[in-house]
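A.B. asks: What follows is data_1.cif; its format and atoms are mmCIF, C-alpha atoms.
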data_structure
loop_
_atom_site.group_PDB
_atom_site.id
_atom_site.type_symbol
_atom_site.label_atom_id
_atom_site.label_comp_id
_atom_site.auth_asym_id
_atom_site.auth_seq_id
_atom_site.Cartn_x
_atom_site.Cartn_y
_atom_site.Cartn_z
ATOM 1 C CA MET A 1 -46.589 154.468 104.154
ATOM 2 C CA THR A 2 -45.151 151.949 106.642
ATOM 3 C CA ARG A 3 -42.283 151.308 104.247
ATOM 4 C CA HIS A 4 -41.473 155.050 104.145
ATOM 5 C CA LEU A 5 -41.556 155.287 107.936
ATOM 6 C CA VAL A 6 -39.150 152.348 108.230
ATOM 7 C CA LEU A 7 -36.798 154.006 105.706
ATOM 8 C CA LEU A 8 -37.012 157.324 107.549
ATOM 9 C CA ALA A 9 -36.345 155.621 110.880
ATOM 10 C CA GLY A 10 -33.338 153.820 109.386
ATOM 11 C CA LEU A 11 -32.004 157.061 107.917
ATOM 12 C CA ALA A 12 -32.469 158.848 111.257
ATOM 13 C CA GLY A 13 -30.580 156.028 112.978
ATOM 14 C CA LEU A 14 -27.665 156.326 110.533
ATOM 15 C CA LEU A 15 -27.507 160.091 111.015
ATOM 16 C CA ALA A 16 -27.512 159.667 114.805
ATOM 17 C CA LEU A 17 -24.712 157.094 114.562
ATOM 18 C CA GLN A 18 -22.623 159.417 112.384
ATOM 19 C CA ALA A 19 -23.195 162.290 114.826
ATOM 20 C CA CYS A 20 -21.974 160.127 117.724
ATOM 21 C CA GLU A 21 -18.862 159.141 115.801
ATOM 22 C CA ALA A 22 -18.155 162.781 114.924
ATOM 23 C CA ILE A 23 -18.042 163.926 118.558
ATOM 24 C CA GLN A 24 -15.826 161.133 119.864
ATOM 25 C CA PRO A 25 -12.319 162.407 120.595
ATOM 26 C CA GLU A 26 -9.576 161.493 118.186
ATOM 27 C CA HIS A 27 -7.153 158.917 119.520
ATOM 28 C CA ALA A 28 -3.513 159.916 119.365
ATOM 29 C CA PRO A 29 -1.084 157.493 117.713
ATOM 30 C CA PRO A 30 0.829 155.248 120.160
ATOM 31 C CA GLY A 31 3.308 157.289 122.161
ATOM 32 C CA GLN A 32 1.922 160.646 121.056
ATOM 33 C CA VAL A 33 0.943 162.946 123.916
ATOM 34 C CA ARG A 34 -2.486 164.594 123.826
ATOM 35 C CA GLU A 35 -1.923 167.015 126.718
ATOM 36 C CA ILE A 36 1.193 168.151 128.586
ATOM 37 C CA SER A 37 1.628 170.597 131.452
ATOM 38 C CA TRP A 38 4.857 171.545 133.209
ATOM 39 C CA SER A 39 5.388 171.860 136.985
ATOM 40 C CA ASP A 40 8.960 172.973 136.339
ATOM 41 C CA GLY A 41 11.566 172.412 133.625
ATOM 42 C CA ASP A 42 11.853 168.640 134.032
ATOM 43 C CA SER A 43 8.501 167.393 135.333
ATOM 44 C CA GLY A 44 4.772 167.800 135.040
ATOM 45 C CA HIS A 45 1.734 165.907 133.774
ATOM 46 C CA ILE A 46 1.182 164.036 130.521
ATOM 47 C CA ASP A 47 -2.422 163.137 129.754
ATOM 48 C CA GLY A 48 -3.201 163.568 133.460
ATOM 49 C CA GLU A 49 -0.341 161.388 134.738
ATOM 50 C CA ARG A 50 2.704 162.712 136.633
ATOM 51 C CA PHE A 51 6.053 162.372 134.856
ATOM 52 C CA ARG A 52 9.717 163.329 135.078
ATOM 53 C CA LEU A 53 12.279 163.535 132.280
ATOM 54 C CA ALA A 54 14.814 160.704 132.338
ATOM 55 C CA ASP A 55 18.480 161.496 133.090
ATOM 56 C CA ILE A 56 17.847 165.258 133.113
ATOM 57 C CA ASP A 57 17.837 168.032 135.685
ATOM 58 C CA ALA A 58 16.340 171.502 135.498
ATOM 59 C CA PRO A 59 16.801 174.240 138.074
ATOM 60 C CA GLU A 60 14.330 174.154 140.957
ATOM 61 C CA THR A 61 11.569 176.765 141.218
ATOM 62 C CA GLY A 62 10.615 176.277 144.877
ATOM 63 C CA THR A 63 11.405 178.644 147.725
ATOM 64 C CA VAL A 64 15.119 179.030 148.404
ATOM 65 C CA GLY A 65 16.171 176.781 151.273
ATOM 66 C CA SER A 66 13.026 174.639 151.363
ATOM 67 C CA ARG A 67 13.398 170.840 151.180
ATOM 68 C CA SER A 68 12.823 170.566 147.421
ATOM 69 C CA GLY A 69 13.377 174.209 146.598
ATOM 70 C CA ALA A 70 16.146 176.135 144.913
ATOM 71 C CA ARG A 71 19.552 176.451 146.593
ATOM 72 C CA CYS A 72 19.846 180.129 145.625
ATOM 73 C CA GLU A 73 17.784 182.880 144.024
ATOM 74 C CA LEU A 74 19.700 182.504 140.722
ATOM 75 C CA GLU A 75 18.613 178.848 140.518
ATOM 76 C CA ARG A 76 15.007 179.830 141.206
ATOM 77 C CA GLN A 77 15.117 182.462 138.434
ATOM 78 C CA ARG A 78 16.662 179.932 136.023
ATOM 79 C CA GLY A 79 13.973 177.447 137.040
ATOM 80 C CA ARG A 80 11.184 179.844 136.096
ATOM 81 C CA GLU A 81 12.927 180.496 132.760
ATOM 82 C CA ALA A 82 13.294 176.742 132.105
ATOM 83 C CA LYS A 83 9.611 176.131 132.816
ATOM 84 C CA ALA A 84 8.529 179.014 130.550
ATOM 85 C CA TRP A 85 10.790 177.665 127.798
ATOM 86 C CA MET A 86 9.267 174.174 128.120
ATOM 87 C CA VAL A 87 5.725 175.539 127.993
ATOM 88 C CA SER A 88 6.559 177.588 124.891
ATOM 89 C CA LEU A 89 8.403 174.736 123.166
ATOM 90 C CA THR A 90 5.628 172.180 123.662
ATOM 91 C CA ARG A 91 2.559 174.426 123.372
ATOM 92 C CA SER A 92 1.608 173.588 119.756
ATOM 93 C CA ALA A 93 4.131 170.845 119.075
ATOM 94 C CA VAL A 94 3.821 167.115 118.504
ATOM 95 C CA VAL A 95 5.177 165.593 121.720
ATOM 96 C CA THR A 96 5.961 161.876 121.648
ATOM 97 C CA ILE A 97 7.052 159.469 124.374
ATOM 98 C CA THR A 98 10.206 157.812 123.046
ATOM 99 C CA GLY A 99 11.202 155.936 126.206
ATOM 100 C CA ASP A 100 9.511 154.842 129.431
ATOM 101 C CA HIS A 101 11.711 153.827 132.365
ATOM 102 C CA GLY A 102 8.862 153.026 134.750
ATOM 103 C CA ALA A 103 8.040 154.873 137.944
ATOM 104 C CA ASP A 104 10.447 156.703 140.222
ATOM 105 C CA ARG A 105 10.276 156.600 144.026
ATOM 106 C CA TYR A 106 7.613 159.350 143.944
ATOM 107 C CA GLY A 107 5.359 157.416 141.553
ATOM 108 C CA ARG A 108 6.116 159.593 138.523
ATOM 109 C CA ARG A 109 6.716 157.969 135.143
ATOM 110 C CA VAL A 110 10.311 158.560 134.064
ATOM 111 C CA LEU A 111 10.156 159.367 130.350
ATOM 112 C CA ARG A 112 12.155 160.374 127.313
ATOM 113 C CA LEU A 113 10.299 162.752 124.998
ATOM 114 C CA SER A 114 10.655 164.162 121.530
ATOM 115 C CA VAL A 115 9.187 167.454 120.344
ATOM 116 C CA ASP A 116 8.416 167.643 116.640
ATOM 117 C CA GLY A 117 10.809 164.723 116.134
ATOM 118 C CA GLU A 118 13.738 166.234 118.092
ATOM 119 C CA ASP A 119 14.966 164.783 121.397
ATOM 120 C CA LEU A 120 13.707 167.134 124.130
ATOM 121 C CA ALA A 121 16.622 166.511 126.523
ATOM 122 C CA ARG A 122 19.245 167.263 123.892
ATOM 123 C CA THR A 123 17.369 170.385 122.765
ATOM 124 C CA GLY A 124 17.062 171.636 126.368
ATOM 125 C CA ILE A 125 20.742 170.995 127.128
ATOM 126 C CA THR A 126 21.809 172.816 123.958
ATOM 127 C CA ALA A 127 19.550 175.763 124.864
ATOM 128 C CA GLY A 128 21.020 175.863 128.400
ATOM 129 C CA TYR A 129 17.783 175.144 130.283
ATOM 130 C CA LEU A 130 18.591 171.530 131.217
ATOM 131 C CA GLN A 131 21.652 169.566 132.313
ATOM 132 C CA ALA A 132 22.417 165.873 132.025
ATOM 133 C CA TRP A 133 21.920 163.962 135.288
ATOM 134 C CA PRO A 134 22.352 160.262 134.522
ATOM 135 C CA HIS A 135 20.635 157.642 136.661
ATOM 136 C CA ARG A 136 20.881 153.856 136.775
ATOM 137 C CA ASN A 137 18.256 151.749 138.541
ATOM 138 C CA GLY A 138 16.802 154.894 140.096
ATOM 139 C CA ARG A 139 20.125 156.087 141.519
ATOM 140 C CA ALA A 140 21.990 159.206 140.413
ATOM 141 C CA GLN A 141 25.369 158.435 138.858
ATOM 142 C CA THR A 142 26.722 161.962 139.371
ATOM 143 C CA PRO A 143 26.036 164.767 141.854
ATOM 144 C CA LYS A 144 22.989 166.933 141.139
ATOM 145 C CA PRO A 145 23.948 169.790 138.799
ATOM 146 C CA ASP A 146 24.796 173.123 140.428
ATOM 147 C CA TRP A 147 22.491 175.835 139.079
ATOM 148 C CA CYS A 148 23.854 178.544 141.398
ATOM 149 C CA GLY A 149 27.149 179.020 139.524
ATOM 150 C CA ASN A 150 27.691 181.773 136.976
ATOM 151 C CA ALA A 151 27.941 179.508 133.932
ATOM 152 C CA ARG A 152 24.877 177.918 132.469
#
Represent the structure of the file as structure tokens.

C.D. replies:
Amino acid sequence: MTRHLVLLAGLAGLLALQACEAIQPEHAPPGQVREISWSDGDSGHIDGERFRLADIDAPETGTVGSRSGARCELERQRGREAKAWMVSLTRSAVVTITGDHGADRYGRRVLRLSVDGEDLARTGITAGYLQAWPHRNGRAQTPKPDWCGNAR
């Protein structure tokens, strides 16, 4: 009888251990993003940490004329479209960090990303939602793109 109780206790322990392992979250491979949210077309949060896309600009979505807002209503509209496009593109995709340039002056990680194996910056530029804005050592190498013009 004691022998059966010991076996049952051991079996119960194994089942409990397996149950604990089954509910632990899966770990993503190195560089793979588990969760992404977008503040606008070029920044947001990855796995709870603030980030910005490297060497890229998207139109601003903030109030026209405010310090970090859009320069015109057309830019603001394009900014909302860029954000919606990013959300749609990354919703069910495999997003991977392909480059990390450290933190910017606002404490955001400056990253390069791929979506389902394709470079996100290149895809966004081709689609017209992003523009190249190269930086070196945290300093812009060209003027900020003008999103208020007629051409995209």

A.B. asks: Given the choices A:Thr98, A:Thr142, A:Ser66, A:Ser39, which gets closest to Val115 (chain A) if the distance is worked out from only C-alpha atoms?

C.D. replies: A:Thr98

A.B. asks: Quick one: contact table of region 101-129 of chain A to region 51-54 of chain A, 9 Å max, nearest atom pair and distance in Å to one decimal per residue, counting only C-alpha atoms, chain and number order, as a Markdown table?

C.D. replies:
| residue | atom | partner | partner_atom | distance |
| --- | --- | --- | --- | --- |
| A:His101 | CA | A:Ala54 | CA | 7.5 |
| A:Ala103 | CA | A:Phe51 | CA | 8.3 |
| A:Asp104 | CA | A:Arg52 | CA | 8.4 |
| A:Gly107 | CA | A:Phe51 | CA | 8.4 |
| A:Arg108 | CA | A:Phe51 | CA | 4.6 |
| A:Arg109 | CA | A:Phe51 | CA | 4.5 |
| A:Val110 | CA | A:Arg52 | CA | 4.9 |
| A:Leu111 | CA | A:Leu53 | CA | 5.1 |
| A:Arg112 | CA | A:Ala54 | CA | 5.7 |
| A:Leu113 | CA | A:Leu53 | CA | 7.6 |
| A:Ala121 | CA | A:Leu53 | CA | 7.8 |

A.B. asks: Select, from A:Leu89, A:Ala58, A:Ala140, A:Ile97, the residue with the minimum atom-to-atom distance to Gln77 (chain A), counting all atoms listed in the file.

C.D. replies: A:Ala58

A.B. asks: Tell me, in Å to one decimal, how far CA of Ala127 (chain A) is from CA of Met86 (chain A).

C.D. replies: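 Taking CA of Ala127 (chain A) and CA of Met86 (chain A), their separation equals 10.9 Å.
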
A.B. asks: By how many Å are CA of Ser92 (chain A) and CA of Glu49 (chain A) apart?

C.D. replies: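 Interatomic distance, CA of Ser92 (chain A) to CA of Glu49 (chain A): 19.4 Å.
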
A.B. asks: Return as lines of an AutoDock Vina configuration file the centre and edge lengths, in Å with one decimal, of the box along x, y and z that encloses every atom of region 136-142 of chain A in the file, padded by 6 Å per side.

C.D. replies:
center_x = 21.8
center_y = 156.9
center_z = 139.1
size_x = 21.9
size_y = 22.2
size_z = 16.7

A.B. asks: Which residues are close to Asp146 (chain A), i.e. within 12 Å by only C-alpha atoms, leaving aside same-chain residues fewer than 4 positions away? Reply as a ChimeraX atom specification.

C.D. replies: /A:57-60,70-72,74-76,78,130-133,142,150-152

A.B. asks: Residues of the last selection are to be written out with C-alpha atoms, as a short mmCIF file (atom, residue, chain, number, x, y, z; two decimals), keeping the file's coordinate frame.

C.D. replies:
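Generated file (result_17.cif):
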data_model
loop_
_atom_site.label_atom_id
_atom_site.label_comp_id
_atom_site.auth_asym_id
_atom_site.auth_seq_id
_atom_site.Cartn_x
_atom_site.Cartn_y
_atom_site.Cartn_z
CA ASP A 57 17.84 168.03 135.68
CA ALA A 58 16.34 171.50 135.50
CA PRO A 59 16.80 174.24 138.07
CA GLU A 60 14.33 174.15 140.96
CA ALA A 70 16.15 176.14 144.91
CA ARG A 71 19.55 176.45 146.59
CA CYS A 72 19.85 180.13 145.62
CA LEU A 74 19.70 182.50 140.72
CA GLU A 75 18.61 178.85 140.52
CA ARG A 76 15.01 179.83 141.21
CA ARG A 78 16.66 179.93 136.02
CA LEU A 130 18.59 171.53 131.22
CA GLN A 131 21.65 169.57 132.31
CA ALA A 132 22.42 165.87 132.02
CA TRP A 133 21.92 163.96 135.29
CA THR A 142 26.72 161.96 139.37
CA ASN A 150 27.69 181.77 136.98
CA ALA A 151 27.94 179.51 133.93
CA ARG A 152 24.88 177.92 132.47
#

A.B. asks: Could you give me, as a list in words, the residues within 9 Å of Asp116 (chain A), counting all atoms listed in the file and dropping anything in the same chain fewer than 5 positions from it?

C.D. replies: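 Counting only the stated atoms, we get Thr90, Ala93, Val94, Val95 and Thr96 of chain A.
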
A.B. asks: Do you have the CA of Lys83 (chain A)-CA of Trp147 (chain A) distance handy?

C.D. replies: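 Separation between CA of Lys83 (chain A) and CA of Trp147 (chain A): 14.3 Å.
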
A.B. asks: List the neighbours of Gly48 (chain A) out to 9 Å using only C-alpha atoms; skip same-chain residues closer than 4 positions along the sequence, and give me the result as JSON, numbers by chain.

C.D. replies: {"A": [35, 36, 37]}

A.B. asks: Of the candidates A:Asp40, A:Gly138, A:Thr63, A:Tyr106, which one gets nearest to Arg80 (chain A) if we count only C-alpha atoms?

C.D. replies: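 Answer, going by the shortest atom-to-atom distance: A:Asp40.
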
A.B. asks: For Gly117 (chain A), which residue among A:Pro145, A:Val64, A:Gln32, A:Glu81 is the nearest when counting only C-alpha atoms?

C.D. replies: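 Once distances to Gly117 (chain A) are computed over only C-alpha atoms, the minimum belongs to A:Gln32.
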
A.B. asks: Between A:Arg67, A:Lys144, A:Arg91, A:Arg122, which residue has the minimum interatomic distance to Trp38 (chain A), considering all atoms listed in the file?

C.D. replies: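 Using all atoms listed in the file, the shortest distance to Trp38 (chain A) belongs to A:Arg91.
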